[in-house]
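Visitor: One file is attached below, input.cif, containing mmCIF, C-alpha atoms and all ligand atoms.
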data_structure
#
loop_
_atom_site.label_atom_id
_atom_site.label_comp_id
_atom_site.auth_asym_id
_atom_site.auth_seq_id
_atom_site.Cartn_x
_atom_site.Cartn_y
_atom_site.Cartn_z
CA MET A 1 122.46 122.08 80.54
CA GLU A 2 118.93 121.64 79.41
CA ASN A 3 115.63 122.84 80.70
CA ARG A 4 114.53 122.33 84.22
CA LYS A 5 111.38 123.69 85.77
CA GLU A 6 111.18 122.32 89.24
CA LEU A 7 111.43 125.54 91.16
CA ARG A 8 110.56 126.71 94.61
CA THR A 9 110.97 129.58 97.07
CA TRP A 10 113.98 131.82 96.38
CA LEU A 11 115.09 129.41 93.68
CA ASP A 12 111.67 129.76 92.10
CA ASP A 13 112.09 133.52 92.03
CA MET A 14 115.36 133.12 90.16
CA LYS A 15 113.47 131.46 87.28
CA LEU A 16 116.50 129.45 86.23
CA ASP A 17 116.38 127.12 83.27
CA HIS A 18 119.10 124.92 84.76
CA PRO A 19 120.20 123.82 88.25
CA LEU A 20 121.69 126.54 90.41
CA VAL A 21 125.47 126.84 90.01
CA ILE A 22 127.71 128.33 92.70
CA ALA A 23 131.36 128.44 91.61
CA GLY A 24 134.59 130.12 92.48
CA PRO A 25 137.78 129.41 94.39
CA CYS A 26 137.98 127.59 97.70
CA SER A 27 139.74 130.68 99.09
CA ALA A 28 140.09 134.26 98.01
CA GLU A 29 143.88 134.61 97.69
CA THR A 30 144.57 137.94 96.02
CA GLU A 31 142.40 140.58 94.39
CA ALA A 32 143.78 139.66 90.99
CA GLN A 33 143.01 135.96 91.51
CA VAL A 34 139.43 136.66 92.66
CA LEU A 35 138.74 138.98 89.72
CA ASN A 36 140.44 136.77 87.13
CA ILE A 37 138.30 133.73 88.00
CA ALA A 38 135.16 135.84 88.20
CA GLN A 39 135.79 137.29 84.73
CA GLN A 40 136.05 133.76 83.33
CA LEU A 41 132.75 132.77 84.97
CA LYS A 42 130.87 135.84 83.78
CA ASP A 43 128.06 135.16 81.27
CA THR A 44 128.05 131.41 81.94
CA ASP A 45 125.59 129.20 83.84
CA VAL A 46 127.20 130.34 87.11
CA ASN A 47 124.71 132.16 89.35
CA TYR A 48 126.76 132.85 92.48
CA TYR A 49 130.45 133.48 92.83
CA ARG A 50 131.92 131.83 95.91
CA ALA A 51 135.19 132.54 97.69
CA GLY A 52 136.17 131.59 101.23
CA ILE A 53 137.40 134.62 103.16
CA TRP A 54 137.71 132.99 106.57
CA LYS A 55 138.95 129.42 106.15
CA PRO A 56 138.30 126.87 108.88
CA ARG A 57 141.34 124.59 108.67
CA THR A 58 141.48 121.21 110.30
CA ARG A 59 145.05 121.80 111.44
CA PRO A 60 146.72 125.12 112.29
CA GLY A 61 149.48 126.46 110.12
CA ASN A 62 147.59 126.26 106.84
CA PHE A 63 146.28 129.32 104.99
CA GLU A 64 143.42 130.68 107.09
CA GLY A 65 141.97 133.15 104.62
CA VAL A 66 142.58 136.80 103.80
CA GLY A 67 139.84 138.03 106.14
CA ALA A 68 137.58 141.04 105.72
CA LEU A 69 139.79 142.50 102.99
CA GLY A 70 138.48 139.81 100.64
CA LEU A 71 134.93 141.10 101.02
CA LYS A 72 135.96 144.23 99.11
CA TRP A 73 137.21 142.02 96.30
CA LEU A 74 133.86 140.24 96.19
CA GLN A 75 132.12 143.62 95.97
CA LYS A 76 134.34 144.41 93.00
CA VAL A 77 133.37 141.07 91.43
CA LYS A 78 129.71 142.06 91.65
CA ALA A 79 130.35 145.52 90.23
CA GLU A 80 132.52 144.28 87.36
CA THR A 81 130.79 141.03 86.36
CA GLY A 82 127.25 141.23 87.73
CA LEU A 83 127.80 137.89 89.46
CA LYS A 84 126.14 137.59 92.86
CA THR A 85 128.50 136.75 95.71
CA ALA A 86 128.73 134.02 98.35
CA THR A 87 130.99 133.33 101.30
CA GLU A 88 131.20 131.26 104.47
CA VAL A 89 130.41 132.82 107.84
CA ALA A 90 131.33 131.21 111.14
CA ASN A 91 130.53 133.79 113.82
CA ARG A 92 128.68 137.04 114.55
CA ALA A 93 131.54 139.27 113.36
CA HIS A 94 131.70 137.44 110.02
CA VAL A 95 127.95 137.85 109.54
CA GLU A 96 128.05 141.57 110.29
CA LEU A 97 130.95 142.16 107.92
CA ALA A 98 129.38 140.04 105.16
CA LEU A 99 126.10 141.95 105.45
CA GLU A 100 127.93 145.29 105.44
CA HIS A 101 129.59 144.27 102.19
CA ASP A 102 126.30 143.16 100.68
CA ILE A 103 127.26 139.50 100.17
CA ASP A 104 124.19 137.87 98.60
CA LEU A 105 124.49 134.33 99.88
CA LEU A 106 126.04 133.15 103.13
CA TRP A 107 126.78 129.58 104.00
CA ILE A 108 127.51 127.85 107.26
CA GLY A 109 130.44 125.46 106.96
CA ALA A 110 130.48 121.81 107.97
CA ARG A 111 132.69 122.48 110.99
CA SER A 112 130.24 125.11 112.26
CA THR A 113 127.05 123.09 111.73
CA VAL A 114 128.29 120.62 114.33
CA SER A 115 128.09 123.32 117.01
CA PRO A 116 124.63 124.46 118.14
CA PHE A 117 126.26 127.41 119.99
CA ILE A 118 127.88 128.71 116.80
CA VAL A 119 124.77 128.08 114.72
CA GLN A 120 122.64 129.96 117.26
CA GLU A 121 125.08 132.88 117.27
CA ILE A 122 124.93 133.05 113.47
CA ALA A 123 121.14 132.71 113.48
CA ASP A 124 120.84 135.59 115.99
CA ALA A 125 123.16 137.78 113.95
CA LEU A 126 121.18 137.05 110.77
CA LYS A 127 117.74 137.47 112.33
CA GLY A 128 115.13 138.40 109.73
CA THR A 129 117.61 138.71 106.85
CA ASP A 130 116.41 138.27 103.30
CA LYS A 131 119.83 137.03 102.19
CA ILE A 132 120.08 133.40 101.13
CA VAL A 133 121.52 131.23 103.88
CA LEU A 134 122.71 127.70 103.11
CA VAL A 135 123.62 125.14 105.74
CA LYS A 136 126.31 122.61 104.94
CA ASN A 137 125.86 119.22 106.53
CA PRO A 138 127.84 118.66 109.73
CA VAL A 139 131.13 116.79 109.27
CA ASN A 140 129.66 113.74 111.00
CA PRO A 141 126.71 111.82 109.48
CA ASP A 142 124.12 113.11 111.93
CA LEU A 143 120.83 114.15 110.32
CA PRO A 144 119.23 115.63 113.49
CA LEU A 145 122.26 117.93 113.91
CA TRP A 146 121.82 119.17 110.34
CA LEU A 147 118.07 119.61 110.85
CA GLY A 148 118.67 121.37 114.17
CA ALA A 149 120.79 124.00 112.45
CA ILE A 150 118.08 124.59 109.84
CA GLU A 151 115.47 124.90 112.58
CA ARG A 152 117.57 127.46 114.48
CA LEU A 153 117.81 129.61 111.33
CA ALA A 154 114.12 129.18 110.52
CA SER A 155 113.27 130.24 114.10
CA SER A 156 115.30 133.41 113.51
CA ASN A 157 112.86 134.26 110.76
CA ILE A 158 115.33 133.58 107.95
CA LYS A 159 113.17 132.61 105.01
CA ASN A 160 115.58 132.07 102.15
CA LEU A 161 117.10 128.85 103.38
CA GLY A 162 118.73 125.89 101.69
CA VAL A 163 121.20 123.09 102.38
CA ILE A 164 124.51 121.96 100.94
CA HIS A 165 125.49 118.31 100.96
CA ARG A 166 129.30 118.10 101.16
CA GLY A 167 129.73 114.55 102.42
CA PHE A 168 130.74 113.17 105.79
CA SER A 169 133.96 112.27 107.56
CA THR A 170 134.62 108.60 108.10
CA TYR A 171 137.25 106.81 110.06
CA GLU A 172 137.75 104.28 107.31
CA LYS A 173 139.46 105.61 104.19
CA SER A 174 137.41 105.49 101.01
CA LYS A 175 137.79 106.84 97.50
CA TYR A 176 136.02 110.00 98.67
CA ARG A 177 137.46 112.78 100.78
CA ASN A 178 134.06 112.93 102.49
CA ASN A 179 131.74 109.98 102.05
CA PRO A 180 128.52 111.05 100.30
CA GLU A 181 126.15 108.86 102.39
CA TRP A 182 123.52 109.78 99.80
CA GLN A 183 120.78 108.18 101.88
CA LEU A 184 121.07 111.02 104.43
CA ALA A 185 120.56 113.68 101.79
CA ILE A 186 117.66 111.68 100.37
CA GLU A 187 116.09 111.48 103.82
CA LEU A 188 116.43 115.22 104.27
CA GLN A 189 114.94 115.82 100.82
CA THR A 190 112.00 113.55 101.65
CA LYS A 191 111.35 115.37 104.94
CA PHE A 192 111.71 118.87 103.45
CA PRO A 193 110.93 118.67 99.73
CA ASP A 194 110.76 122.47 99.49
CA LEU A 195 114.20 123.13 100.91
CA PRO A 196 116.64 123.71 98.04
CA LEU A 197 119.31 121.03 98.12
CA ILE A 198 122.72 121.81 96.64
CA CYS A 199 125.54 119.31 96.17
CA ASP A 200 129.19 120.21 96.77
CA PRO A 201 131.03 117.56 94.75
CA SER A 202 134.38 119.29 95.36
CA HIS A 203 134.45 118.54 99.08
CA ILE A 204 132.80 115.13 98.64
CA THR A 205 135.44 113.90 96.20
CA GLY A 206 138.55 115.86 97.11
CA LYS A 207 139.76 115.05 93.58
CA ARG A 208 139.02 117.00 90.45
CA ASP A 209 138.65 113.98 88.16
CA MET A 210 135.75 112.68 90.25
CA VAL A 211 133.79 115.94 90.36
CA PHE A 212 131.80 115.31 87.19
CA ASP A 213 130.49 111.87 88.20
CA VAL A 214 129.40 113.00 91.65
CA SER A 215 127.69 116.06 90.13
CA GLN A 216 125.79 113.79 87.74
CA ALA A 217 124.81 111.47 90.58
CA ALA A 218 123.46 114.46 92.52
CA LEU A 219 121.40 115.68 89.57
CA ASP A 220 120.03 112.15 89.09
CA LEU A 221 118.97 112.29 92.74
CA ASN A 222 117.05 115.48 91.96
CA PHE A 223 119.37 117.96 93.66
CA ASP A 224 118.61 121.61 92.88
CA GLY A 225 122.13 122.81 92.27
CA LEU A 226 125.88 122.43 92.57
CA MET A 227 128.64 124.28 94.39
CA ILE A 228 131.94 123.66 92.61
CA GLU A 229 135.36 124.99 93.56
CA THR A 230 136.95 126.68 90.56
CA HIS A 231 140.43 128.18 90.17
CA PHE A 232 142.46 129.33 87.14
CA ASP A 233 145.51 127.47 88.46
CA PRO A 234 144.09 124.66 90.62
CA ASP A 235 147.41 122.96 91.35
CA ASN A 236 148.76 126.13 92.91
CA ALA A 237 145.64 127.06 94.87
CA TRP A 238 146.36 128.03 98.48
CA SER A 239 143.77 125.56 99.77
CA ASP A 240 142.06 122.42 98.42
CA ALA A 241 144.31 122.33 95.35
CA ALA A 242 143.54 118.72 94.38
CA GLN A 243 139.79 119.24 94.04
CA GLN A 244 139.49 122.54 92.19
CA ILE A 245 138.75 122.65 88.47
CA THR A 246 139.43 125.39 85.95
CA PRO A 247 136.68 127.77 84.81
CA LYS A 248 136.98 126.18 81.36
CA ALA A 249 136.39 122.69 82.78
CA LEU A 250 133.43 123.97 84.77
CA ILE A 251 131.81 125.55 81.73
CA GLN A 252 132.27 122.31 79.77
CA MET A 253 130.81 120.38 82.69
CA THR A 254 127.65 122.47 82.77
CA LYS A 255 127.18 121.55 79.11
CA ASP A 256 127.86 117.83 79.56
CA LEU A 257 125.77 117.18 82.65
CA LYS A 258 122.46 115.53 81.85
CA ILE A 259 119.42 117.19 83.30
CA ARG A 260 115.97 115.76 83.02
CA LYS A 261 113.81 117.53 80.49
CA GLU A 262 110.36 118.52 81.56
CA THR A 263 108.67 118.79 78.25
CA ASP A 264 106.21 115.92 77.91
CA SER A 265 103.31 114.46 79.84
CA GLU A 266 105.54 111.64 81.05
CA THR A 267 107.67 114.10 82.96
CA GLU A 268 106.40 113.42 86.45
CA TYR A 269 106.71 109.69 85.90
CA ASN A 270 110.25 109.99 84.54
CA ILE A 271 111.45 112.22 87.34
CA LYS A 272 110.10 109.83 89.95
CA LEU A 273 111.51 106.83 88.13
CA ASN A 274 114.98 108.38 87.77
CA ASN A 275 114.97 109.41 91.38
CA LEU A 276 114.02 105.93 92.57
CA ARG A 277 116.59 104.33 90.28
CA ALA A 278 119.29 106.60 91.64
CA GLN A 279 118.26 105.54 95.14
CA ILE A 280 118.49 101.88 94.11
CA ASP A 281 122.00 102.51 92.79
CA VAL A 282 122.98 104.00 96.13
CA VAL A 283 121.64 101.00 98.04
CA ASP A 284 123.20 98.48 95.62
CA ASN A 285 126.57 100.10 96.13
CA GLN A 286 126.10 99.81 99.87
CA ILE A 287 125.24 96.11 99.53
CA ILE A 288 128.44 95.44 97.59
CA GLU A 289 130.45 97.46 100.07
CA LEU A 290 128.99 95.46 102.97
CA LEU A 291 129.53 92.12 101.24
CA GLY A 292 133.15 93.08 100.67
CA LYS A 293 133.46 93.89 104.38
CA ARG A 294 131.85 90.58 105.32
CA MET A 295 134.34 88.65 103.18
CA LYS A 296 137.23 90.47 104.85
CA VAL A 297 135.93 89.34 108.25
CA ALA A 298 135.52 85.80 106.89
CA ASP A 299 139.15 85.96 105.72
CA GLY A 300 140.16 86.85 109.28
CA ILE A 301 138.30 83.82 110.58
CA GLY A 302 140.01 81.70 107.93
CA ILE A 303 143.43 82.83 109.19
CA LEU A 304 142.46 81.97 112.78
CA LYS A 305 141.15 78.56 111.75
CA LYS A 306 144.34 77.84 109.84
CA GLU A 307 146.43 78.65 112.90
CA LYS A 308 144.34 76.31 115.05
CA ASN A 309 143.90 73.75 112.28
CA VAL A 310 140.09 73.88 112.59
CA ALA A 311 137.68 72.75 109.83
CA VAL A 312 136.25 75.50 107.61
CA LEU A 313 132.63 74.40 107.87
CA GLN A 314 131.08 74.73 111.32
CA SER A 315 127.52 73.61 110.68
CA LYS A 316 126.09 74.39 114.12
CA ARG A 317 127.11 78.05 113.89
CA TRP A 318 125.90 78.21 110.30
CA ASN A 319 122.43 76.86 111.18
CA GLU A 320 122.13 79.41 113.96
CA ILE A 321 122.94 82.26 111.55
CA LEU A 322 120.42 81.03 109.01
CA GLY A 323 117.64 80.70 111.58
CA LYS A 324 118.28 84.23 112.88
CA MET A 325 118.39 85.74 109.40
CA VAL A 326 115.14 84.05 108.32
CA LEU A 327 113.39 85.70 111.28
CA GLU A 328 115.00 89.11 110.63
CA GLY A 329 114.09 88.80 106.95
CA GLU A 330 110.49 88.03 107.76
CA ASP A 331 110.38 91.21 109.77
CA LYS A 332 111.46 93.18 106.68
CA GLY A 333 109.00 91.45 104.34
CA LEU A 334 111.58 89.12 102.77
CA SER A 335 110.56 85.53 102.06
CA GLU A 336 112.25 82.57 103.72
CA GLU A 337 113.11 81.19 100.31
CA PHE A 338 114.95 84.35 99.31
CA ILE A 339 116.86 84.61 102.59
CA LEU A 340 117.98 80.98 102.36
CA LYS A 341 119.12 81.36 98.77
CA MET A 342 120.95 84.60 99.42
CA PHE A 343 122.71 83.46 102.58
CA LYS A 344 123.71 80.17 101.04
CA ALA A 345 125.39 82.09 98.25
CA ILE A 346 127.11 84.42 100.72
CA HIS A 347 128.15 81.49 102.86
CA GLN A 348 129.54 79.62 99.88
CA GLU A 349 131.63 82.63 98.93
CA SER A 350 132.97 82.83 102.50
CA ILE A 351 133.87 79.14 102.43
CA ASN A 352 135.67 79.60 99.10
CA HIS A 353 137.63 82.48 100.61
CA GLN A 354 138.54 80.53 103.72
CA GLU A 355 139.52 77.43 101.79
CA LYS A 356 141.87 79.51 99.71
CA ILE A 357 143.46 80.80 102.89
CA ILE A 358 143.73 77.42 104.57
CA ASN A 359 145.06 75.62 101.51
CA GLY A 360 146.96 78.58 100.17
C1 LIG A 401 134.50 125.33 101.68
O1 LIG A 401 133.40 125.35 101.09
O2 LIG A 401 135.54 125.80 101.22
C2 LIG A 401 134.58 124.61 102.98
C3 LIG A 401 135.46 124.92 103.91
O3 LIG A 401 133.72 123.61 103.02
P1 LIG A 401 133.27 122.61 104.21
O4 LIG A 401 132.69 123.48 105.28
O5 LIG A 401 132.26 121.79 103.49
O6 LIG A 401 134.47 121.84 104.63
MN MN A 402 137.46 124.16 100.05
#
Any chance you could put this one into structure tokens?
Guide:
Amino acid sequence: MENRKELRTWLDDMKLDHPLVIAGPCSAETEAQVLNIAQQLKDTDVNYYRAGIWKPRTRPGNFEGVGALGLKWLQKVKAETGLKTATEVANRAHVELALEHDIDLLWIGARSTVSPFIVQEIADALKGTDKIVLVKNPVNPDLPLWLGAIERLASSNIKNLGVIHRGFSTYEKSKYRNNPEWQLAIELQTKFPDLPLICDPSHITGKRDMVFDVSQAALDLNFDGLMIETHFDPDNAWSDAAQQITPKALIQMTKDLKIRKETDSETEYNIKLNNLRAQIDVVDNQIIELLGKRMKVADGIGILKKEKNVAVLQSKRWNEILGKMVLEGEDKGLSEEFILKMFKAIHQESINHQEKIING
């Protein structure tokens, strides 16, 4: 990774010359596993070593973590490699044990952020701490819930705060394990530009071969760091096997990721431009996604019309849609000419689809 100088708060104090990297296994499994991975991440760009000790599992019966025993292994990691340590806490007892074992960074998991009771309990237990506390987004795409958790921690006088974007659950299946909904992270970044924003591409993608691209997208959106699940034998990991990458792959990734240089007078301009372009890419993808959805609905109408032997073109309905869209467009600063052109093209595509169905 190349130079990067946009630093703030606790991140500022770290004086990093690259985005923050948190890496390590999804779960601590055995002492040997924890130490082996840590040794491979020593003297690399990795700043914090993560390992889940208490694992919140969606369904019972899966590996639920080794518990407090694993905290001793993390202490050993720090003693043997100098890597700082990070783990997830989900209640008061976890917080107390993590603090006793001098864990440097604690994060609140997505399943905890959804619960104001749990977040408040954690905030009370952490009151006044100078440890770094990161809040993962809630599993559901609800920005106020995410902000509420941050506010509860801030009210407990926890100063070294940050957030982790790990994507959101959706009912509809997509290529992601958790849909990124980048616009939510962008909104949070716009509201709180000083709050360090870390991306967790492992839980967003759920698949190791997608981790690089999502990491690059996050850096293009000006994220401050990455949390990446790393295991020496990913396929045999006790949790999240499909998304973990090897330490070797992680080290290569940190070399291949492109980070904006901040060396010339054009820097500010370039950062802003890249950020806006990344936002445009996000919106363009959403447009395509929505158009695809619209065509699927049009196909459904085509099937109905075929059954009833009704003509494809229903001009009364079409004129109503156009009139409504011209008004809506005006409201958003879009010209009538543009709306007409765009909807005619969309409409034509729908007709083509339906004709194929009816004549097919
Ligand atoms: C994790 O980081 O291993 C984890 C459980 O993540 P999340 O809370 O994002 O599901
Ligand atoms: Mn995991």
Visitor: Restricting the calculation to only C-alpha atoms: of A:Thr246, A:Thr30, A:Thr9, A:Asn359, which residue gets closest to Ile132 (chain A)?
Guide: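 Residue with the minimum atom-to-atom distance to Ile132 (chain A): A:Thr9.
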Visitor: Using all atoms listed in the file, can you tell me which of A:Tyr48, A:Phe168, A:Trp73, A:Trp54 comes closest to ligand MN 402 (chain A)?
Guide: A:Trp54
Visitor: With all atoms listed in the file as the basis for distance, which of A:Ser215, A:Thr58, A:Thr170, A:Ser315 is at the shortest distance from ligand MN 402 (chain A)?
Guide: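 The answer is A:Thr58, which sits nearest to ligand MN 402 (chain A).
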Visitor: Counting only C-alpha atoms and all ligand atoms, give me one row per residue of chain A with an atom at most 7 Å from an atom of ligand MN 402 (chain A), showing the shortest contact pair and its distance in Å to one decimal, sorted by chain then residue number, as CSV.
Guide:
residue,atom,partner,partner_atom,distance
A:Cys26,CA,A:MN402,MN,4.2
A:Ser27,CA,A:MN402,MN,7.0
A:His203,CA,A:MN402,MN,6.4
A:Glu229,CA,A:MN402,MN,6.9
A:Ser239,CA,A:MN402,MN,6.5
A:Asp240,CA,A:MN402,MN,5.2
Visitor: Closest to ligand LIG 401 (chain A) among A:Pro116, A:Gly67, A:Gly167, A:Pro141, using all atoms listed in the file?
Guide: A:Gly167
Visitor: Return as AutoDock Vina command-line options the box centre and box size in Å, one decimal, for an axis-aligned box around all listed atoms of ligand LIG 401 (chain A) padded by 6 Å per side.
Guide:
--center_x 133.9 --center_y 123.8 --center_z 103.2 --size_x 15.3 --size_y 16.0 --size_z 16.2
Visitor: Show me, as a PDB file with C-alpha atoms, in the frame of the given file, the residues that have an atom within 9 Å of Ile228 (chain A) when counting all atoms listed in the file, minus same-chain residues fewer than 3 positions from it.
Guide:
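Ended up saving to part-v7.pdb:
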ATOM      1  CA  VAL A  21     125.470 126.840  90.010  1.00  0.00           C
ATOM      2  CA  ILE A  22     127.710 128.330  92.700  1.00  0.00           C
ATOM      3  CA  ALA A  23     131.360 128.440  91.610  1.00  0.00           C
ATOM      4  CA  GLY A  24     134.590 130.120  92.480  1.00  0.00           C
ATOM      5  CA  PRO A  25     137.780 129.410  94.390  1.00  0.00           C
ATOM      6  CA  CYS A  26     137.980 127.590  97.700  1.00  0.00           C
ATOM      7  CA  ARG A  50     131.920 131.830  95.910  1.00  0.00           C
ATOM      8  CA  CYS A 199     125.540 119.310  96.170  1.00  0.00           C
ATOM      9  CA  ASP A 200     129.190 120.210  96.770  1.00  0.00           C
ATOM     10  CA  PRO A 201     131.030 117.560  94.750  1.00  0.00           C
ATOM     11  CA  SER A 202     134.380 119.290  95.360  1.00  0.00           C
ATOM     12  CA  HIS A 203     134.450 118.540  99.080  1.00  0.00           C
ATOM     13  CA  VAL A 211     133.790 115.940  90.360  1.00  0.00           C
ATOM     14  CA  GLN A 244     139.490 122.540  92.190  1.00  0.00           C
ATOM     15  CA  ILE A 245     138.750 122.650  88.470  1.00  0.00           C
ATOM     16  CA  LEU A 250     133.430 123.970  84.770  1.00  0.00           C
TER      17      LEU A 250
END
Visitor: Within 7 Å of ligand LIG 401 (chain A), counting only C-alpha atoms and all ligand atoms, which protein or nucleic acid residues do you find, written as a PyMOL selection string?
Guide: chain A and resi 26-27+52+55-56+109-111+136+166+203
Visitor: Using all atoms listed in the file, which of A:Val163, A:Ala123, A:Leu276, A:Ala311 sits nearest Pro138 (chain A)?
Guide: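 Comparing A:Val163, A:Ala123, A:Leu276, A:Ala311 against Pro138 (chain A), the winner is A:Val163.
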Visitor: For Arg57 (chain A), which of A:Leu99, A:Gln40, A:Ile288, A:Ser112 is the closest residue, counting all atoms listed in the file?
Guide: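 Answer, going by the shortest atom-to-atom distance: A:Ser112.
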Visitor: Do a neighbour search on Lys344 (chain A) at 9 Å with only C-alpha atoms, toss out local chain neighbours closer than 5 positions, and write the hits as a PyMOL selection string.
Guide: chain A and resi 322+339+349
Visitor: Would you mind reading off the distance between CA of Lys76 (chain A) and CA of Ala32 (chain A), one decimal, in Å?
Guide: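 That distance, rounded to one decimal, is 10.8 Å.
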Visitor: Residues near Leu221 (chain A), anyone? I mean within 10 Å using only C-alpha atoms, not counting same-chain ones fewer than 5 positions away, as an MDAnalysis selection string.
Guide: chainID A and resid 182 185:186 189 215:216 271:272 274:279 282
Visitor: When you draw a straight line from CA of Thr44 (chain A) to CA of Leu69 (chain A), how long is it in Å?
Guide: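 That distance, rounded to one decimal, is 26.5 Å.
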Visitor: Provide the CA of Lys175 (chain A) to CA of Ala345 (chain A) distance in Å, to one decimal place.
Guide: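 If I compute the distance from CA of Lys175 (chain A) to CA of Ala345 (chain A), I get 27.7 Å.
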Visitor: Within 10 Å of (133.8, 144.8, 95.6), only C-alpha atoms: residues as a compact mmCIF listing (two decimals) with C-alpha atoms, in the frame of the given file?
Guide:
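Okay, this is what ended up in point02.txt:
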# COMPACT_ATOMS: atom_id res chain seq x y z
CA GLU A 31 142.40 140.58 94.39
CA LEU A 35 138.74 138.98 89.72
CA LEU A 69 139.79 142.50 102.99
CA GLY A 70 138.48 139.81 100.64
CA LEU A 71 134.93 141.10 101.02
CA LYS A 72 135.96 144.23 99.11
CA TRP A 73 137.21 142.02 96.30
CA LEU A 74 133.86 140.24 96.19
CA GLN A 75 132.12 143.62 95.97
CA LYS A 76 134.34 144.41 93.00
CA VAL A 77 133.37 141.07 91.43
CA LYS A 78 129.71 142.06 91.65
CA ALA A 79 130.35 145.52 90.23
CA GLU A 80 132.52 144.28 87.36
CA THR A 85 128.50 136.75 95.71
CA HIS A 101 129.59 144.27 102.19
CA ASP A 102 126.30 143.16 100.68
CA ILE A 103 127.26 139.50 100.17
Visitor: Using all atoms listed in the file, determine which residues lie at most 8 Å from Pro234 (chain A), disregarding the query and same-chain residues fewer than 2 positions distant; provide the list as a short mmCIF file (atom, residue, chain, number, x, y, z; two decimals) with C-alpha atoms, in the frame of the given file.
Guide:
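Contents of the output file out_37.cif:
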data_model
loop_
_atom_site.label_atom_id
_atom_site.label_comp_id
_atom_site.auth_asym_id
_atom_site.auth_seq_id
_atom_site.Cartn_x
_atom_site.Cartn_y
_atom_site.Cartn_z
CA THR A 230 136.95 126.68 90.56
CA HIS A 231 140.43 128.18 90.17
CA PHE A 232 142.46 129.33 87.14
CA ASN A 236 148.76 126.13 92.91
CA ALA A 237 145.64 127.06 94.87
CA ALA A 241 144.31 122.33 95.35
CA ALA A 242 143.54 118.72 94.38
CA GLN A 243 139.79 119.24 94.04
CA GLN A 244 139.49 122.54 92.19
CA ILE A 245 138.75 122.65 88.47
CA THR A 246 139.43 125.39 85.95
#
